[in-house]
file input-v6.tsv (TSV, C-alpha atoms and all ligand atoms)
chain	number	residue	atom	x	y	z
A	15	MET	CA	0.29	21.36	-11.27
A	16	ASN	CA	-1.72	18.47	-12.68
A	17	THR	CA	-5.41	18.78	-11.87
A	18	SER	CA	-6.06	15.13	-11.01
A	19	THR	CA	-6.19	14.09	-7.37
A	20	ILE	CA	-4.39	11.11	-5.88
A	21	LEU	CA	-5.71	9.11	-2.95
A	22	THR	CA	-4.12	6.06	-1.49
A	23	GLY	CA	-3.84	4.45	1.90
A	24	ASP	CA	-2.47	1.76	4.15
A	25	ARG	CA	-4.06	-0.31	6.86
A	26	THR	CA	-2.52	0.56	10.18
A	27	THR	CA	-1.63	-2.97	11.21
A	28	GLY	CA	2.16	-2.67	11.37
A	29	PRO	CA	5.11	-0.60	10.22
A	30	LEU	CA	5.60	-0.53	6.45
A	31	HIS	CA	8.25	-2.63	4.69
A	32	ILE	CA	10.24	-2.47	1.47
A	33	GLY	CA	7.39	-4.24	-0.34
A	34	HIS	CA	5.26	-1.17	0.36
A	35	TYR	CA	8.12	0.99	-0.82
A	36	ALA	CA	8.43	-0.78	-4.16
A	37	GLY	CA	4.67	-1.25	-4.43
A	38	SER	CA	3.45	2.29	-3.98
A	39	LEU	CA	5.48	4.55	-1.68
A	40	ALA	CA	7.99	5.26	-4.45
A	41	ASN	CA	5.14	6.28	-6.75
A	42	ARG	CA	3.62	8.50	-4.08
A	43	LEU	CA	6.96	10.27	-3.61
A	44	ARG	CA	7.17	10.80	-7.34
A	45	TYR	CA	3.70	12.31	-7.59
A	46	GLN	CA	3.64	14.61	-4.61
A	47	ASP	CA	5.36	17.40	-6.55
A	48	SER	CA	2.98	17.36	-9.45
A	49	HIS	CA	-0.40	16.31	-8.02
A	50	GLU	CA	-2.71	17.00	-5.16
A	51	GLN	CA	-2.26	13.92	-2.97
A	52	PHE	CA	-4.04	12.47	0.07
A	53	LEU	CA	-2.65	9.57	2.11
A	54	LEU	CA	-5.14	7.74	4.25
A	55	LEU	CA	-4.17	6.03	7.50
A	56	ALA	CA	-6.78	3.30	7.11
A	57	ASP	CA	-7.45	2.40	10.73
A	58	THR	CA	-11.15	1.68	10.16
A	59	GLN	CA	-10.31	-0.74	7.36
A	60	ALA	CA	-7.58	-2.29	9.53
A	61	LEU	CA	-10.28	-3.20	12.05
A	62	THR	CA	-12.14	-5.28	9.47
A	63	ASP	CA	-9.71	-8.14	10.01
A	64	ASN	CA	-8.28	-7.07	13.37
A	65	ALA	CA	-11.33	-6.48	15.51
A	66	HIS	CA	-9.80	-8.80	18.13
A	67	ASP	CA	-6.87	-6.42	18.55
A	68	PRO	CA	-7.96	-2.76	18.40
A	69	GLN	CA	-4.87	-1.82	20.38
A	70	LYS	CA	-2.65	-2.90	17.50
A	71	VAL	CA	-4.65	-0.83	15.02
A	72	GLN	CA	-4.46	2.20	17.29
A	73	ARG	CA	-0.73	1.89	17.96
A	74	ASN	CA	0.19	1.59	14.32
A	75	VAL	CA	-1.46	4.84	13.26
A	76	ILE	CA	1.66	6.68	14.43
A	77	GLU	CA	3.97	3.97	13.06
A	78	VAL	CA	2.60	4.24	9.52
A	79	ALA	CA	2.59	8.04	9.70
A	80	LEU	CA	6.26	7.86	10.79
A	81	ASP	CA	7.01	5.64	7.80
A	82	TYR	CA	5.36	8.13	5.45
A	83	LEU	CA	7.35	11.03	6.84
A	84	ALA	CA	10.58	9.03	7.01
A	85	VAL	CA	10.51	8.06	3.33
A	86	GLY	CA	10.07	11.70	2.40
A	87	ILE	CA	6.33	12.31	2.17
A	88	ASP	CA	6.11	16.04	2.79
A	89	PRO	CA	3.02	17.10	4.76
A	90	ALA	CA	3.14	20.49	3.05
A	91	ARG	CA	2.54	18.79	-0.31
A	92	SER	CA	0.73	15.56	0.66
A	93	THR	CA	-2.17	15.44	3.09
A	94	ILE	CA	-1.88	12.64	5.66
A	95	CYS	CA	-5.28	11.91	7.23
A	96	LEU	CA	-6.98	9.44	9.56
A	97	GLN	CA	-9.85	7.36	8.20
A	98	SER	CA	-11.74	6.88	11.49
A	99	HIS	CA	-11.98	10.65	11.89
A	100	LEU	CA	-13.60	11.23	8.52
A	101	PRO	CA	-17.29	10.50	9.21
A	102	ALA	CA	-18.27	11.39	5.64
A	103	LEU	CA	-16.39	8.29	4.48
A	104	ALA	CA	-18.42	6.09	6.82
A	105	GLU	CA	-21.63	7.69	5.59
A	106	LEU	CA	-20.67	7.23	1.95
A	107	SER	CA	-19.79	3.59	2.72
A	108	MET	CA	-23.29	2.95	4.06
A	109	LEU	CA	-24.78	4.55	0.99
A	110	TYR	CA	-22.56	2.58	-1.42
A	111	LEU	CA	-23.49	-0.73	0.20
A	112	ASN	CA	-26.85	-0.29	-1.52
A	113	PHE	CA	-25.14	-0.16	-4.91
A	114	VAL	CA	-23.30	-3.46	-4.61
A	115	THR	CA	-24.50	-7.02	-4.05
A	116	VAL	CA	-23.18	-9.57	-1.57
A	117	ALA	CA	-22.50	-11.92	-4.49
A	118	ARG	CA	-20.35	-9.29	-6.20
A	119	LEU	CA	-18.41	-8.66	-2.98
A	120	GLU	CA	-17.81	-12.40	-2.62
A	121	ARG	CA	-16.54	-12.59	-6.19
A	122	ASN	CA	-13.95	-9.83	-5.73
A	123	PRO	CA	-10.61	-11.63	-6.32
A	124	THR	CA	-8.78	-9.64	-3.63
A	125	ILE	CA	-11.46	-10.43	-1.08
A	126	LYS	CA	-11.48	-14.10	-2.10
A	127	ASP	CA	-7.70	-14.36	-1.68
A	128	GLU	CA	-7.75	-12.56	1.63
A	129	ILE	CA	-10.58	-14.71	3.00
A	130	ARG	CA	-8.54	-17.79	2.12
A	131	ALA	CA	-5.30	-16.35	3.54
A	132	ARG	CA	-6.98	-15.44	6.82
A	133	GLY	CA	-8.76	-18.77	7.12
A	134	PHE	CA	-12.14	-17.14	7.72
A	135	GLY	CA	-14.06	-20.03	6.17
A	136	ARG	CA	-17.74	-19.11	6.48
A	137	ASP	CA	-17.07	-16.85	9.47
A	138	ILE	CA	-16.28	-13.75	7.49
A	139	PRO	CA	-16.69	-10.53	9.45
A	140	ALA	CA	-19.36	-8.52	7.62
A	141	GLY	CA	-17.15	-5.44	7.80
A	142	PHE	CA	-14.42	-7.36	6.03
A	143	LEU	CA	-16.66	-8.57	3.21
A	144	CYS	CA	-17.90	-5.03	2.72
A	145	TYR	CA	-14.60	-3.19	2.85
A	146	PRO	CA	-14.49	-2.78	-0.96
A	147	ALA	CA	-17.51	-0.47	-0.62
A	148	ALA	CA	-15.66	1.44	2.09
A	149	GLN	CA	-12.58	1.66	-0.08
A	150	ALA	CA	-14.78	3.01	-2.87
A	151	ALA	CA	-15.89	5.66	-0.37
A	152	ASP	CA	-12.25	6.46	0.44
A	153	ILE	CA	-11.35	6.96	-3.19
A	154	THR	CA	-14.45	8.81	-4.32
A	155	GLY	CA	-14.73	10.82	-1.07
A	156	PHE	CA	-11.72	12.75	-2.32
A	157	LYS	CA	-12.90	12.60	-5.95
A	158	ALA	CA	-9.58	10.95	-6.64
A	159	THR	CA	-8.82	9.82	-10.17
A	160	LEU	CA	-5.42	8.23	-9.57
A	161	VAL	CA	-4.70	5.53	-6.99
A	162	PRO	CA	-1.09	4.30	-6.58
A	163	VAL	CA	-1.30	0.79	-5.14
A	164	GLY	CA	0.20	-2.66	-5.38
A	165	GLU	CA	-1.27	-4.95	-8.04
A	166	ASP	CA	-3.28	-6.91	-5.45
A	167	GLN	CA	-5.49	-3.84	-5.07
A	168	ALA	CA	-6.51	-3.59	-8.74
A	169	PRO	CA	-9.84	-5.46	-8.27
A	170	LEU	CA	-10.80	-2.95	-5.59
A	171	ILE	CA	-10.37	-0.05	-7.97
A	172	GLU	CA	-12.42	-1.93	-10.55
A	173	GLN	CA	-15.19	-2.45	-8.04
A	174	THR	CA	-15.00	1.21	-7.03
A	175	ASN	CA	-15.62	2.19	-10.65
A	176	GLU	CA	-18.62	-0.12	-10.86
A	177	ILE	CA	-20.15	1.60	-7.85
A	178	VAL	CA	-19.33	4.99	-9.35
A	179	ARG	CA	-21.08	4.08	-12.62
A	180	ARG	CA	-24.19	2.88	-10.76
A	181	ILE	CA	-24.39	6.02	-8.68
A	182	ASN	CA	-23.86	8.29	-11.66
A	183	ALA	CA	-26.52	6.37	-13.60
A	184	THR	CA	-28.99	6.65	-10.73
A	185	ALA	CA	-28.20	10.33	-10.24
A	186	GLY	CA	-28.46	10.97	-13.97
A	187	GLN	CA	-25.27	12.99	-13.82
A	188	SER	CA	-21.56	12.45	-13.42
A	189	VAL	CA	-21.30	13.32	-9.75
A	190	LEU	CA	-18.29	11.04	-9.08
A	191	PRO	CA	-15.24	10.48	-11.29
A	192	GLN	CA	-13.90	7.01	-12.07
A	193	ALA	CA	-10.41	6.21	-10.81
A	194	GLN	CA	-7.39	4.59	-12.33
A	195	ALA	CA	-4.87	2.46	-10.45
A	196	ILE	CA	-1.17	3.25	-10.83
A	197	ILE	CA	0.59	-0.09	-10.47
A	198	PRO	CA	4.37	-0.56	-10.61
A	199	LYS	CA	5.56	-2.64	-13.57
A	200	ALA	CA	7.79	-4.82	-11.42
A	201	GLY	CA	4.79	-6.48	-9.73
A	202	ARG	CA	4.52	-7.38	-6.10
A	203	LEU	CA	7.71	-8.04	-4.18
A	204	PRO	CA	7.75	-11.56	-2.65
A	205	GLY	CA	8.88	-12.24	0.92
A	206	ILE	CA	12.57	-13.05	1.52
A	207	ASP	CA	11.57	-16.74	1.64
A	208	GLY	CA	10.08	-16.54	-1.86
A	209	LYS	CA	6.45	-16.71	-0.64
A	210	ALA	CA	4.16	-14.50	-2.68
A	211	LYS	CA	3.24	-12.12	0.10
A	212	MET	CA	5.70	-10.16	2.17
A	213	SER	CA	4.23	-9.58	5.60
A	214	LYS	CA	5.42	-8.71	9.02
A	215	SER	CA	3.36	-11.44	10.64
A	216	THR	CA	5.13	-14.25	8.75
A	217	GLY	CA	8.56	-12.73	9.46
A	218	ASN	CA	9.55	-12.64	5.78
A	219	ALA	CA	9.55	-8.86	5.42
A	220	ILE	CA	12.25	-6.20	5.64
A	221	PRO	CA	10.73	-3.24	7.47
A	222	LEU	CA	11.68	0.31	6.49
A	223	SER	CA	13.02	0.67	10.03
A	224	ALA	CA	15.31	-2.40	9.77
A	225	SER	CA	18.73	-2.11	11.44
A	226	PRO	CA	21.89	-2.77	9.40
A	227	ASP	CA	22.13	-6.20	11.07
A	228	ASP	CA	18.50	-7.01	10.25
A	229	ILE	CA	19.11	-6.12	6.62
A	230	ARG	CA	22.26	-8.24	6.46
A	231	ALA	CA	20.52	-11.22	8.07
A	232	ALA	CA	17.49	-10.91	5.78
A	233	VAL	CA	19.62	-10.85	2.64
A	234	ARG	CA	21.72	-13.79	3.86
A	235	ALA	CA	18.56	-15.83	4.48
A	236	MET	CA	17.07	-14.91	1.13
A	237	PHE	CA	15.76	-17.66	-1.14
A	238	THR	CA	17.79	-18.03	-4.35
A	239	ASP	CA	18.02	-21.14	-6.56
A	240	PRO	CA	18.16	-24.28	-4.42
A	241	ASN	CA	19.88	-26.16	-7.29
A	242	HIS	CA	22.64	-23.59	-7.65
A	243	LEU	CA	25.10	-25.41	-5.41
A	244	ARG	CA	28.49	-24.48	-6.81
A	245	VAL	CA	29.60	-21.15	-8.24
A	246	GLN	CA	30.28	-22.68	-11.65
A	247	ASP	CA	26.78	-24.22	-11.93
A	248	PRO	CA	24.18	-22.46	-14.07
A	249	GLY	CA	21.59	-20.73	-11.87
A	250	ARG	CA	17.97	-19.71	-12.23
A	251	VAL	CA	16.98	-16.07	-12.20
A	252	GLU	CA	13.20	-16.63	-12.22
A	253	GLY	CA	11.84	-17.11	-8.73
A	254	ASN	CA	15.22	-16.09	-7.32
A	255	VAL	CA	14.32	-13.51	-4.70
A	256	VAL	CA	17.68	-11.76	-4.85
A	257	PHE	CA	17.20	-10.99	-8.53
A	258	THR	CA	13.57	-10.03	-8.02
A	259	TYR	CA	14.67	-7.46	-5.44
A	260	LEU	CA	17.51	-6.28	-7.67
A	261	ASP	CA	14.93	-5.78	-10.44
A	262	ALA	CA	13.01	-3.52	-8.09
A	263	PHE	CA	15.88	-1.59	-6.47
A	264	ASP	CA	19.10	-1.79	-8.51
A	265	PRO	CA	19.82	1.64	-10.00
A	266	ASP	CA	22.04	0.09	-12.71
A	267	GLN	CA	19.67	-2.14	-14.66
A	268	ASN	CA	22.18	-2.63	-17.51
A	269	GLU	CA	24.80	-4.09	-15.26
A	270	LEU	CA	22.07	-6.17	-13.63
A	271	ALA	CA	21.16	-7.67	-17.01
A	272	GLU	CA	24.81	-8.73	-17.45
A	273	LEU	CA	24.91	-10.27	-13.99
A	274	LYS	CA	21.75	-12.23	-14.72
A	275	ALA	CA	23.28	-13.59	-17.94
A	276	GLN	CA	26.42	-14.59	-16.08
A	277	TYR	CA	24.41	-16.24	-13.31
A	278	GLN	CA	22.43	-18.25	-15.86
A	279	ARG	CA	25.59	-19.34	-17.66
A	280	GLY	CA	27.30	-20.31	-14.41
A	281	GLY	CA	30.24	-18.66	-12.70
A	282	LEU	CA	28.50	-16.20	-10.45
A	283	GLY	CA	28.01	-17.12	-6.81
A	284	ASP	CA	25.04	-16.25	-4.58
A	285	GLY	CA	27.43	-14.43	-2.22
A	286	LYS	CA	28.24	-11.85	-4.92
A	287	ILE	CA	24.67	-11.03	-5.84
A	288	LYS	CA	23.65	-10.95	-2.19
A	289	ALA	CA	26.46	-8.53	-1.40
A	290	ARG	CA	25.28	-6.28	-4.22
A	291	LEU	CA	21.69	-6.35	-3.01
A	292	GLU	CA	22.67	-5.80	0.59
A	293	ALA	CA	24.67	-2.68	-0.29
A	294	ILE	CA	21.71	-1.29	-2.25
A	295	LEU	CA	19.23	-1.97	0.55
A	296	GLN	CA	21.57	-0.58	3.22
A	297	GLU	CA	21.85	2.61	1.19
A	298	LEU	CA	18.09	2.83	0.59
A	299	ILE	CA	17.10	2.21	4.20
A	300	ALA	CA	19.84	4.13	6.10
A	301	PRO	CA	18.40	7.63	5.55
A	302	ILE	CA	14.83	6.39	6.13
A	303	ARG	CA	15.86	4.77	9.42
A	304	ALA	CA	17.73	7.89	10.54
A	305	ARG	CA	14.80	10.20	9.78
A	306	ARG	CA	12.38	7.78	11.38
A	307	SER	CA	14.33	7.58	14.59
A	308	GLN	CA	14.64	11.38	14.70
A	309	LEU	CA	10.91	11.88	14.10
A	310	SER	CA	9.86	9.22	16.58
A	311	LYS	CA	11.24	11.41	19.36
A	312	ASP	CA	8.72	14.09	18.43
A	313	ARG	CA	5.37	12.38	18.70
A	314	GLY	CA	3.70	15.76	19.13
A	315	TYR	CA	4.82	16.83	15.69
A	316	VAL	CA	3.54	13.62	14.08
A	317	LEU	CA	0.17	14.09	15.82
A	318	GLU	CA	0.00	17.68	14.56
A	319	VAL	CA	0.62	16.49	11.00
A	320	ILE	CA	-2.21	13.94	11.27
A	321	LYS	CA	-4.62	16.42	12.89
A	322	ASP	CA	-3.91	19.07	10.33
A	323	GLY	CA	-4.29	16.70	7.41
A	324	THR	CA	-7.46	15.18	8.83
A	325	GLU	CA	-9.07	18.61	9.14
A	326	ARG	CA	-8.34	19.37	5.49
A	327	ALA	CA	-9.64	15.94	4.51
A	328	GLN	CA	-12.83	16.49	6.53
A	329	THR	CA	-13.67	19.57	4.50
A	330	ARG	CA	-13.02	17.73	1.28
A	331	THR	CA	-14.98	14.56	2.07
A	332	GLU	CA	-17.96	16.42	3.59
A	333	ALA	CA	-18.26	18.38	0.34
A	334	THR	CA	-18.32	15.15	-1.68
A	335	LYS	CA	-20.94	13.62	0.59
A	336	ARG	CA	-23.17	16.67	0.11
A	337	ASP	CA	-22.69	16.44	-3.66
A	338	VAL	CA	-23.71	12.77	-3.69
A	339	VAL	CA	-26.72	13.25	-1.40
A	340	SER	CA	-27.92	16.14	-3.52
A	341	ALA	CA	-27.25	14.41	-6.88
A	342	LEU	CA	-29.24	11.38	-5.73
A	343	GLY	CA	-31.99	13.70	-4.53
A	344	LEU	CA	-32.06	12.33	-0.98
A	345	PHE	CA	-33.88	14.24	1.73
A	346	GLN	CA	-32.00	17.19	3.15
A	347	LEU	CA	-33.21	19.11	6.18
B	401	LIG	N1	-6.64	-1.71	1.04
B	401	LIG	C1	-5.41	-0.99	1.22
B	401	LIG	C2	-4.38	-1.97	1.83
B	401	LIG	O1	-4.68	-3.09	2.07
B	401	LIG	C3	-5.53	0.21	2.12
B	401	LIG	C4	-6.50	1.25	1.65
B	401	LIG	C5	-7.59	1.70	2.34
B	401	LIG	C6	-6.49	1.94	0.40
B	401	LIG	N2	-8.24	2.65	1.64
B	401	LIG	C7	-7.61	2.83	0.44
B	401	LIG	C8	-5.66	1.92	-0.71
B	401	LIG	C9	-7.91	3.65	-0.64
B	401	LIG	C10	-5.97	2.76	-1.79
B	401	LIG	C11	-7.09	3.61	-1.75
B	401	LIG	O2	-3.28	-1.59	2.11
call {"tool": "encode", "arguments": {"input": "input-v6.tsv", "output": "structure tokens", "more": "lines below"}}
Ligand code: TRP
result
Amino acid sequence: MNTSTILTGDRTTGPLHIGHYAGSLANRLRYQDSHEQFLLLADTQALTDNAHDPQKVQRNVIEVALDYLAVGIDPARSTICLQSHLPALAELSMLYLNFVTVARLERNPTIKDEIRARGFGRDIPAGFLCYPAAQAADITGFKATLVPVGEDQAPLIEQTNEIVRRINATAGQSVLPQAQAIIPKAGRLPGIDGKAKMSKSTGNAIPLSASPDDIRAAVRAMFTDPNHLRVQDPGRVEGNVVFTYLDAFDPDQNELAELKAQYQRGGLGDGKIKARLEAILQELIAPIRARRSQLSKDRGYVLEVIKDGTERAQTRTEATKRDVVSALGLFQL
């Protein structure tokens, strides 16, 4: 067993999709055999941009947990835990807010992008602006050193490490470890329409619970090369969503390279490459969907998994909080 600890999480705002799978779920599955791993159901963070709809955040706790279990996260090897029930993380967040400036939070590229995407303008919820400090608490609360995430999250890990260095400098000892992001080489999967971000709300995502018909319809509607009108025409591979998805999911990358060459030369129709992708996605999602539907009938079991994991995580994060308080020399009664 490797001695480094993995922590990662997802906002509980909706069921997960194949972008999450390619972005970090596949990595989490890979690491659960060799590393201690914690998966955080980030309901508190989900509230930072969903305070108007707490019901949605609440409902999706179970949905995301179901997705974890359905893809093959094994609660005996990975600890699934609930952020809102880990008070030590909230306490560490408050503490960390003193080790970061508002200007630095505003400069965080992820935060900047998200503020723009959500159209907050000047009306940024304070909790939202500050969530990088909370995410630093998530990561360091477990003393995690590896964080499997999509590439959009890299600036958050960087900011976490800045906070860690400040705290260690103030404490005069290395009380918290720095963390490293594990980011898939393929980059972020675009939506089926070719837009940079796949998200349930814009309807351009393929959820892990998609039915065979949903999958077929999504692949049919997928953006390819608008100038590739006839089979014999040369086609573009860059920006062609079908090829981007094949890059991420096709088990035979050699054959894929040949298909790309043929497509670029001309003589390969969109129907062919879509059929190939559809077959791959049907095969990937079928067992996930089956397990998900089985598990969703046993809500009690899913709740047990979350309760169990949260208890283990409480012990772990309380210990870290005590370490930090004592290293900083704060008052202890
Ligand atoms: N910010 C992540 C997302 O948007 C969720 C998350 C919360 C997270 N806490 C984390 C990811 C800690 C990695 C580590 O999905």
call {"tool": "residues_near_ligand", "arguments": {"input": "input-v6.tsv", "ligand": "ligand LIG 401 (chain B)", "cutoff": "9 Å", "atoms": "all atoms listed in the file", "output": "ChimeraX atom specification"}}
result
/A:20-26,34,53-60,97,145-146,148-153,161-164,166-167,170-171,195
call {"tool": "write_last_selection", "arguments": {"input": "input-v6.tsv", "atoms": "C-alpha atoms", "output": "PDB file, in the frame of the given file"}}
result
ATOM      1  CA  ILE A  20      -4.390  11.110  -5.880  1.00  0.00           C
ATOM      2  CA  LEU A  21      -5.710   9.110  -2.950  1.00  0.00           C
ATOM      3  CA  THR A  22      -4.120   6.060  -1.490  1.00  0.00           C
ATOM      4  CA  GLY A  23      -3.840   4.450   1.900  1.00  0.00           C
ATOM      5  CA  ASP A  24      -2.470   1.760   4.150  1.00  0.00           C
ATOM      6  CA  ARG A  25      -4.060  -0.310   6.860  1.00  0.00           C
ATOM      7  CA  THR A  26      -2.520   0.560  10.180  1.00  0.00           C
ATOM      8  CA  HIS A  34       5.260  -1.170   0.360  1.00  0.00           C
ATOM      9  CA  LEU A  53      -2.650   9.570   2.110  1.00  0.00           C
ATOM     10  CA  LEU A  54      -5.140   7.740   4.250  1.00  0.00           C
ATOM     11  CA  LEU A  55      -4.170   6.030   7.500  1.00  0.00           C
ATOM     12  CA  ALA A  56      -6.780   3.300   7.110  1.00  0.00           C
ATOM     13  CA  ASP A  57      -7.450   2.400  10.730  1.00  0.00           C
ATOM     14  CA  THR A  58     -11.150   1.680  10.160  1.00  0.00           C
ATOM     15  CA  GLN A  59     -10.310  -0.740   7.360  1.00  0.00           C
ATOM     16  CA  ALA A  60      -7.580  -2.290   9.530  1.00  0.00           C
ATOM     17  CA  GLN A  97      -9.850   7.360   8.200  1.00  0.00           C
ATOM     18  CA  TYR A 145     -14.600  -3.190   2.850  1.00  0.00           C
ATOM     19  CA  PRO A 146     -14.490  -2.780  -0.960  1.00  0.00           C
ATOM     20  CA  ALA A 148     -15.660   1.440   2.090  1.00  0.00           C
ATOM     21  CA  GLN A 149     -12.580   1.660  -0.080  1.00  0.00           C
ATOM     22  CA  ALA A 150     -14.780   3.010  -2.870  1.00  0.00           C
ATOM     23  CA  ALA A 151     -15.890   5.660  -0.370  1.00  0.00           C
ATOM     24  CA  ASP A 152     -12.250   6.460   0.440  1.00  0.00           C
ATOM     25  CA  ILE A 153     -11.350   6.960  -3.190  1.00  0.00           C
ATOM     26  CA  VAL A 161      -4.700   5.530  -6.990  1.00  0.00           C
ATOM     27  CA  PRO A 162      -1.090   4.300  -6.580  1.00  0.00           C
ATOM     28  CA  VAL A 163      -1.300   0.790  -5.140  1.00  0.00           C
ATOM     29  CA  GLY A 164       0.200  -2.660  -5.380  1.00  0.00           C
ATOM     30  CA  ASP A 166      -3.280  -6.910  -5.450  1.00  0.00           C
ATOM     31  CA  GLN A 167      -5.490  -3.840  -5.070  1.00  0.00           C
ATOM     32  CA  LEU A 170     -10.800  -2.950  -5.590  1.00  0.00           C
ATOM     33  CA  ILE A 171     -10.370  -0.050  -7.970  1.00  0.00           C
ATOM     34  CA  ALA A 195      -4.870   2.460 -10.450  1.00  0.00           C
TER      35      ALA A 195
END
call {"tool": "residues_around", "arguments": {"input": "input-v6.tsv", "residues": "Pro265 in chain A", "least_positions_apart": "5", "cutoff": "9 Å", "atoms": "only C-alpha atoms", "output": "list of chain:residue names"}}
result
A:Leu260, A:Leu270, A:Ile294
call {"tool": "residues_near_point", "arguments": {"input": "input-v6.tsv", "point": "(23.6, -1.4, -0.8)", "cutoff": "12 Å", "atoms": "all atoms listed in the file", "output": "JSON, numbers by chain"}}
result
{"A": [226, 229, 230, 233, 259, 260, 263, 264, 265, 287, 288, 289, 290, 291, 292, 293, 294, 295, 296, 297, 298, 299, 300]}
call {"tool": "residues_around", "arguments": {"input": "input-v6.tsv", "residues": "Gly201 in chain A", "least_positions_apart": "2", "cutoff": "12 Å", "atoms": "all atoms listed in the file", "output": "MDAnalysis selection string"}}
result
chainID A and resid 33:34 36:38 163:168 196:199 203:204 210:211 258:259 261:262
call {"tool": "atom_distance", "arguments": {"input": "input-v6.tsv", "atom1": "CA of Ser98 in chain A", "atom2": "CA of Arg313 in chain A"}}
result
19.4 Å
call {"tool": "atom_distance", "arguments": {"input": "input-v6.tsv", "atom1": "CA of Arg202 in chain A", "atom2": "CA of Gln276 in chain A"}}
result
25.1 Å
call {"tool": "atom_distance", "arguments": {"input": "input-v6.tsv", "atom1": "CA of Ala117 in chain A", "atom2": "CA of Val189 in chain A"}}
result
25.8 Å
call {"tool": "residues_near_point", "arguments": {"input": "input-v6.tsv", "point": "(13.6, 8.0, 16.7)", "cutoff": "12 Å", "atoms": "all atoms listed in the file", "output": "JSON, numbers by chain"}}
result
{"A": [77, 80, 81, 84, 223, 302, 303, 304, 305, 306, 307, 308, 309, 310, 311, 312, 313, 316]}
call {"tool": "closest_residue", "arguments": {"input": "input-v6.tsv", "among": "A:Ala65, A:Ile94, A:Gly217, A:Tyr35", "to": "Asp322 in chain A", "atoms": "only C-alpha atoms"}}
result
A:Ile94
call {"tool": "closest_residue", "arguments": {"input": "input-v6.tsv", "among": "A:Leu39, A:Ile320, A:Leu109, A:Val78", "to": "Arg180 in chain A", "atoms": "all atoms listed in the file"}}
result
A:Leu109
call {"tool": "closest_residue", "arguments": {"input": "input-v6.tsv", "among": "A:Thr154, A:Thr324, A:Asn122, A:Thr27", "to": "Val75 in chain A", "atoms": "all atoms listed in the file"}}
result
A:Thr27
call {"tool": "closest_residue", "arguments": {"input": "input-v6.tsv", "among": "A:Ser48, A:Gln194, A:Thr93, A:Gln69", "to": "Glu318 in chain A", "atoms": "all atoms listed in the file"}}
result
A:Thr93
call {"tool": "closest_residue", "arguments": {"input": "input-v6.tsv", "among": "A:Arg330, A:Arg132, A:Lys126, A:Arg118", "to": "Ser215 in chain A", "atoms": "only C-alpha atoms"}}
result
A:Arg132
call {"tool": "closest_residue", "arguments": {"input": "input-v6.tsv", "among": "A:Pro301, A:Ile129, A:Glu50, A:Leu43", "to": "Tyr82 in chain A", "atoms": "only C-alpha atoms"}}
result
A:Leu43
call {"tool": "residues_around", "arguments": {"input": "input-v6.tsv", "residues": "Pro221 in chain A", "least_positions_apart": "2", "cutoff": "7 Å", "atoms": "only C-alpha atoms", "output": "PyMOL selection string"}}
result
chain A and resi 29-32+219+223-224
call {"tool": "axis_aligned_box", "arguments": {"input": "input-v6.tsv", "around": "range 145-150 of chain A", "padding_each_side": "3 Å", "output": "AutoDock Vina command-line options"}}
result
--center_x -15.0 --center_y -0.1 --center_z 0.0 --size_x 10.9 --size_y 12.2 --size_z 11.7
call {"tool": "residues_around", "arguments": {"input": "input-v6.tsv", "residues": "Cys144 in chain A", "least_positions_apart": "3", "cutoff": "8 Å", "atoms": "only C-alpha atoms", "output": "list in words"}}
result
Leu111, Leu119, Ala140, Gly141, Ala147 and Ala148 of chain A
call {"tool": "residues_around", "arguments": {"input": "input-v6.tsv", "residues": "Val339 in chain A", "least_positions_apart": "5", "cutoff": "10 Å", "atoms": "all atoms listed in the file", "output": "ChimeraX atom specification"}}
result
/A:106,109,185,189,334,344-346
call {"tool": "decode", "arguments": {"input": "input-v6.tsv", "residues": "range 288-301 of chain A", "atoms": "C-alpha atoms", "output": "PDB file, in the first residue's frame"}}
result
ATOM      1  CA  LYS A 288     -20.560   7.857 -34.463  1.00  0.00           C
ATOM      2  CA  ALA A 289     -21.511   4.192 -34.573  1.00  0.00           C
ATOM      3  CA  ARG A 290     -18.102   3.289 -33.153  1.00  0.00           C
ATOM      4  CA  LEU A 291     -18.409   5.817 -30.349  1.00  0.00           C
ATOM      5  CA  GLU A 292     -21.966   4.828 -29.557  1.00  0.00           C
ATOM      6  CA  ALA A 293     -20.993   1.161 -29.173  1.00  0.00           C
ATOM      7  CA  ILE A 294     -18.142   2.126 -26.819  1.00  0.00           C
ATOM      8  CA  LEU A 295     -20.347   4.371 -24.687  1.00  0.00           C
ATOM      9  CA  GLN A 296     -23.176   1.815 -24.567  1.00  0.00           C
ATOM     10  CA  GLU A 297     -20.689  -0.750 -23.301  1.00  0.00           C
ATOM     11  CA  LEU A 298     -19.168   1.651 -20.750  1.00  0.00           C
ATOM     12  CA  ILE A 299     -22.487   2.851 -19.350  1.00  0.00           C
ATOM     13  CA  ALA A 300     -24.573  -0.375 -19.404  1.00  0.00           C
ATOM     14  CA  PRO A 301     -23.024  -1.968 -16.295  1.00  0.00           C
TER      15      PRO A 301
END
